[in-house]
Amino acid sequence: MSENSAHAHHGHHGHGHGTGGEDGPGWTRAAKLLQDAAPITVPEGASAMTIRVQWEPGDPGTPPHRHSGPAFGYVVKGAVRFELEGEPERVVEAGGTFWEPGGDAIHYQDGNALDDEPTEFVVTMMCAPGKPMLELVDEAELKERAHLRAPRPTA
């Protein structure tokens with residue numbers, strides 16, 4: 001299993017912070033676990049930034065980039081085409097979540113998967129001190145690392 005495919009696991013990890021189910025107190029019924037990301041590495045002294053992104057229909061999104069720390073997203077409406085280096089691209093629909101480990105991994109796609117309606121997502125990013133929210137990856141590095149990208153869909 002490659003390092004990045006380990007980050008693709010989106011199930012429960014038994015950290016004991018699940019919800020109380022149908023018969024628990026009201027506050028436990030009000031909470032629904034959407035994503036439990038592990039393991040994560042947060043840069044020393046990181047800050048956390050939460051942003052809302054709104055893409056028009058068909059917007060390809062941010063060019064290939066990376067983040068200095070992990071990022072956790074929730075799709076509010078529409079559908080996001082999400083692709084992290086080493087993982088096949090996938091479409092995350094409204095109500096779905098995604099996350100990326102940050103650091104070296106290139107985030108290839110975060111655009112609108114829909115051609116006929118807007119898409120909106122909220123993402124919380126852990127940023128290393130003094131680092132920008134994201135750094136674009138140049139063409140030369142994209143060529144160098146092309147072998148690490150999952151095969152492109154043929155359709």
# chains A, B, ... in the order shown; residues from 1 in each chain; ligands from 1
$ residues_around --residues "Pro118 of chain A" --least-positions-apart "5" --cutoff "10 Å" --atoms "only C-alpha atoms" --output "number ranges by chain"
A: 54-59, 77-79, 112-113
$ residues_around --residues "Val42 of chain A" --least-positions-apart "4" --cutoff "9 Å" --atoms "only C-alpha atoms" --output "PyMOL selection string"
chain A and resi 46+68-70+101-102+126-128
$ write_last_selection --atoms "C-alpha atoms" --output "CSV table (one decimal), in the first residue's frame"
chain,number,residue,atom,x,y,z
A,46,ALA,CA,0.3,25.7,12.8
A,68,SER,CA,1.8,22.8,4.3
A,69,GLY,CA,-0.5,20.8,6.6
A,70,PRO,CA,-3.6,18.7,6.4
A,101,PRO,CA,-2.5,15.0,4.4
A,102,GLY,CA,-0.7,18.1,3.3
A,126,MET,CA,-3.7,23.6,9.0
A,127,CYS,CA,-1.0,26.0,7.8
A,128,ALA,CA,2.6,25.9,8.9
$ atom_distance --atom1 "atom CA of Lys32 of chain A" --atom2 "atom CA of Thr50 of chain A"
19.7 Å
$ closest_atom_pairs --of "segment 12-70 of chain A" --to "segment 80-84 of chain A" --cutoff "10 Å" --atoms "only C-alpha atoms" --output "Markdown table"
| residue | atom | partner | partner_atom | distance |
| --- | --- | --- | --- | --- |
| A:Trp55 | CA | A:Val80 | CA | 9.2 |
| A:Pro60 | CA | A:Arg81 | CA | 8.5 |
| A:Gly61 | CA | A:Arg81 | CA | 8.9 |
| A:Pro64 | CA | A:Leu84 | CA | 9.4 |
| A:His65 | CA | A:Leu84 | CA | 9.9 |
| A:Arg66 | CA | A:Leu84 | CA | 9.6 |
$ select_by_dssp --residues "chain A" --states "helix (DSSP H, G or I)" --output "PyMOL selection string"
chain A and resi 3-6+26-30+139-144+146-148
$ atom_distance --atom1 "atom CA of Ala71 of chain A" --atom2 "atom CA of Pro151 of chain A"
23.5 Å
$ residues_around --residues "Ile51 of chain A" --least-positions-apart "6" --cutoff "8 Å" --atoms "only C-alpha atoms" --output "PDB file with N, CA and C atoms, in the first residue's frame"
ATOM      1  N   VAL A 122     -16.622  23.846   1.967  1.00  0.00           N
ATOM      2  CA  VAL A 122     -15.927  24.505   3.069  1.00  0.00           C
ATOM      3  C   VAL A 122     -14.730  23.628   3.400  1.00  0.00           C
ATOM      4  N   VAL A 123     -13.574  24.251   3.594  1.00  0.00           N
ATOM      5  CA  VAL A 123     -12.372  23.479   3.909  1.00  0.00           C
ATOM      6  C   VAL A 123     -11.597  24.166   5.038  1.00  0.00           C
ATOM      7  N   THR A 124     -11.143  23.360   5.990  1.00  0.00           N
ATOM      8  CA  THR A 124     -10.297  23.837   7.084  1.00  0.00           C
ATOM      9  C   THR A 124      -8.892  23.309   6.842  1.00  0.00           C
TER      10      THR A 124
END
$ atom_distance --atom1 "atom CA of Gly45 of chain A" --atom2 "atom CA of Pro129 of chain A"
6.2 Å
$ closest_residue --among "A:Glu135, A:Ala140, A:Val53, A:Met125" --to "Asp110 of chain A" --atoms "only C-alpha atoms"
A:Val53
$ select_by_dssp --residues "chain A" --states "strand (DSSP E or B)" --output "MDAnalysis selection string"
chainID A and resid 47:55 65:66 71:77 79:84 90:93 97:100 107:112 119:127 135:136
$ write_last_selection --atoms "N, CA and C atoms" --output "CSV table (one decimal), in the first residue's frame"
chain,number,residue,atom,x,y,z
A,47,SER,N,-1.4,27.3,12.2
A,47,SER,CA,-2.7,27.9,12.4
A,47,SER,C,-3.7,27.2,11.6
A,48,ALA,N,-5.0,27.4,12.0
A,48,ALA,CA,-6.1,26.7,11.2
A,48,ALA,C,-6.9,27.8,10.5
A,49,MET,N,-7.2,27.6,9.2
A,49,MET,CA,-7.9,28.5,8.4
A,49,MET,C,-9.1,27.8,7.8
A,50,THR,N,-10.3,28.3,8.0
A,50,THR,CA,-11.5,27.7,7.3
A,50,THR,C,-12.0,28.7,6.2
A,51,ILE,N,-12.1,28.2,5.0
A,51,ILE,CA,-12.6,29.0,3.9
A,51,ILE,C,-13.8,28.3,3.2
A,52,ARG,N,-14.6,29.2,2.5
A,52,ARG,CA,-15.6,28.7,1.7
A,52,ARG,C,-15.2,28.9,0.3
A,53,VAL,N,-15.4,27.9,-0.6
A,53,VAL,CA,-15.0,28.0,-2.0
A,53,VAL,C,-16.3,27.8,-2.8
A,54,GLN,N,-16.6,28.7,-3.7
A,54,GLN,CA,-17.8,28.6,-4.6
A,54,GLN,C,-17.3,28.6,-6.0
A,55,TRP,N,-17.5,27.5,-6.7
A,55,TRP,CA,-17.2,27.4,-8.1
A,55,TRP,C,-18.4,27.5,-9.0
A,65,HIS,N,-1.6,22.0,-6.7
A,65,HIS,CA,-1.0,22.8,-5.6
A,65,HIS,C,-0.7,21.8,-4.4
A,66,ARG,N,-0.1,22.3,-3.4
A,66,ARG,CA,0.1,21.6,-2.2
A,66,ARG,C,-0.2,22.5,-1.0
A,71,ALA,N,-5.7,19.2,5.3
A,71,ALA,CA,-6.9,20.0,5.0
A,71,ALA,C,-8.1,19.1,5.0
A,72,PHE,N,-9.2,19.6,5.5
A,72,PHE,CA,-10.4,18.8,5.7
A,72,PHE,C,-11.6,19.5,5.1
A,73,GLY,N,-12.3,18.9,4.1
A,73,GLY,CA,-13.3,19.6,3.4
A,73,GLY,C,-14.7,18.9,3.5
A,74,TYR,N,-15.7,19.7,3.4
A,74,TYR,CA,-17.1,19.3,3.4
A,74,TYR,C,-17.8,20.0,2.2
A,75,VAL,N,-18.5,19.2,1.4
A,75,VAL,CA,-19.2,19.7,0.2
A,75,VAL,C,-20.6,20.1,0.6
A,76,VAL,N,-20.9,21.4,0.5
A,76,VAL,CA,-22.1,22.0,0.9
A,76,VAL,C,-23.2,21.8,-0.2
A,77,LYS,N,-22.8,22.1,-1.4
A,77,LYS,CA,-23.8,21.8,-2.5
A,77,LYS,C,-23.0,21.5,-3.8
A,79,ALA,N,-21.0,19.2,-6.5
A,79,ALA,CA,-20.1,18.1,-6.5
A,79,ALA,C,-18.6,18.5,-6.8
A,80,VAL,N,-17.7,18.0,-6.1
A,80,VAL,CA,-16.3,18.4,-6.2
A,80,VAL,C,-15.5,17.2,-6.9
A,81,ARG,N,-14.8,17.5,-7.9
A,81,ARG,CA,-13.9,16.5,-8.5
A,81,ARG,C,-12.6,16.6,-7.7
A,82,PHE,N,-12.3,15.6,-6.9
A,82,PHE,CA,-11.2,15.6,-6.0
A,82,PHE,C,-10.1,14.6,-6.5
A,83,GLU,N,-8.9,15.1,-6.5
A,83,GLU,CA,-7.8,14.2,-6.9
A,83,GLU,C,-6.5,14.6,-6.2
A,84,LEU,N,-6.1,13.6,-5.4
A,84,LEU,CA,-4.8,13.7,-4.7
A,84,LEU,C,-3.8,12.8,-5.3
A,90,ARG,N,-12.0,11.3,-7.9
A,90,ARG,CA,-13.3,10.9,-7.5
A,90,ARG,C,-14.2,12.1,-7.4
A,91,VAL,N,-15.5,11.9,-7.4
A,91,VAL,CA,-16.4,13.0,-7.3
A,91,VAL,C,-17.0,12.9,-5.9
A,92,VAL,N,-16.9,14.0,-5.1
A,92,VAL,CA,-17.5,14.0,-3.8
A,92,VAL,C,-18.8,14.9,-3.9
A,93,GLU,N,-19.9,14.3,-3.6
A,93,GLU,CA,-21.2,15.1,-3.8
A,93,GLU,C,-21.5,15.8,-2.5
A,97,THR,N,-17.4,14.3,2.3
A,97,THR,CA,-16.2,14.9,2.8
A,97,THR,C,-15.0,14.5,2.1
A,98,PHE,N,-13.9,15.2,2.2
A,98,PHE,CA,-12.6,14.8,1.7
A,98,PHE,C,-11.5,15.4,2.6
A,99,TRP,N,-10.3,14.8,2.5
A,99,TRP,CA,-9.2,15.4,3.3
A,99,TRP,C,-7.9,15.0,2.6
A,100,GLU,N,-6.9,15.8,2.9
A,100,GLU,CA,-5.6,15.5,2.3
A,100,GLU,C,-4.6,15.7,3.4
A,107,HIS,N,-2.1,18.2,-4.7
A,107,HIS,CA,-3.5,18.2,-4.8
A,107,HIS,C,-3.8,18.6,-6.3
A,108,TYR,N,-4.2,17.7,-7.1
A,108,TYR,CA,-4.4,17.9,-8.5
A,108,TYR,C,-5.7,18.6,-8.9
A,109,GLN,N,-6.8,18.2,-8.3
A,109,GLN,CA,-8.1,18.7,-8.7
A,109,GLN,C,-9.0,19.0,-7.5
A,110,ASP,N,-9.7,20.1,-7.5
A,110,ASP,CA,-10.7,20.4,-6.5
A,110,ASP,C,-11.9,21.2,-7.2
A,111,GLY,N,-12.0,21.0,-8.5
A,111,GLY,CA,-13.0,21.8,-9.2
A,111,GLY,C,-14.4,21.3,-9.2
A,112,ASN,N,-15.3,22.0,-9.9
A,112,ASN,CA,-16.7,21.7,-10.0
A,112,ASN,C,-16.9,20.5,-11.0
A,119,THR,N,-21.0,24.8,-7.4
A,119,THR,CA,-20.6,23.9,-6.4
A,119,THR,C,-20.0,24.7,-5.3
A,120,GLU,N,-20.2,24.3,-4.0
A,120,GLU,CA,-19.7,25.0,-2.9
A,120,GLU,C,-19.1,24.0,-1.9
A,121,PHE,N,-17.9,24.3,-1.3
A,121,PHE,CA,-17.4,23.5,-0.3
A,121,PHE,C,-16.7,24.4,0.8
A,122,VAL,N,-16.6,23.8,2.0
A,122,VAL,CA,-15.9,24.5,3.1
A,122,VAL,C,-14.7,23.6,3.4
A,123,VAL,N,-13.6,24.3,3.6
A,123,VAL,CA,-12.4,23.5,3.9
A,123,VAL,C,-11.6,24.2,5.0
A,124,THR,N,-11.1,23.4,6.0
A,124,THR,CA,-10.3,23.8,7.1
A,124,THR,C,-8.9,23.3,6.8
A,125,MET,N,-7.9,24.2,6.8
A,125,MET,CA,-6.5,23.9,6.5
A,125,MET,C,-5.6,24.2,7.7
A,126,MET,N,-4.7,23.3,8.0
A,126,MET,CA,-3.7,23.6,9.0
A,126,MET,C,-2.5,24.1,8.3
A,127,CYS,N,-2.1,25.4,8.5
A,127,CYS,CA,-1.0,26.0,7.8
A,127,CYS,C,0.2,26.1,8.7
A,135,GLU,N,0.4,26.5,-2.2
A,135,GLU,CA,1.5,26.8,-3.1
A,135,GLU,C,1.3,26.0,-4.4
A,136,LEU,N,1.2,26.8,-5.5
A,136,LEU,CA,1.0,26.1,-6.8
A,136,LEU,C,2.3,25.3,-7.2
$ residues_around --residues "Glu139 of chain A" --least-positions-apart "4" --cutoff "12 Å" --atoms "only C-alpha atoms" --output "ChimeraX atom specification"
/A:63-65,143-146
$ write_last_selection --atoms "C-alpha atoms" --output "PDB file, in the first residue's frame"
ATOM      1  CA  PRO A  63      -4.373  24.539 -10.455  1.00  0.00           C
ATOM      2  CA  PRO A  64      -2.240  21.699  -9.020  1.00  0.00           C
ATOM      3  CA  HIS A  65      -0.964  22.767  -5.596  1.00  0.00           C
ATOM      4  CA  LYS A 143       6.453  16.521 -15.312  1.00  0.00           C
ATOM      5  CA  GLU A 144       8.993  15.167 -12.805  1.00  0.00           C
ATOM      6  CA  ARG A 145       6.270  13.695 -10.610  1.00  0.00           C
ATOM      7  CA  ALA A 146       3.889  12.538 -13.382  1.00  0.00           C
TER       8      ALA A 146
END
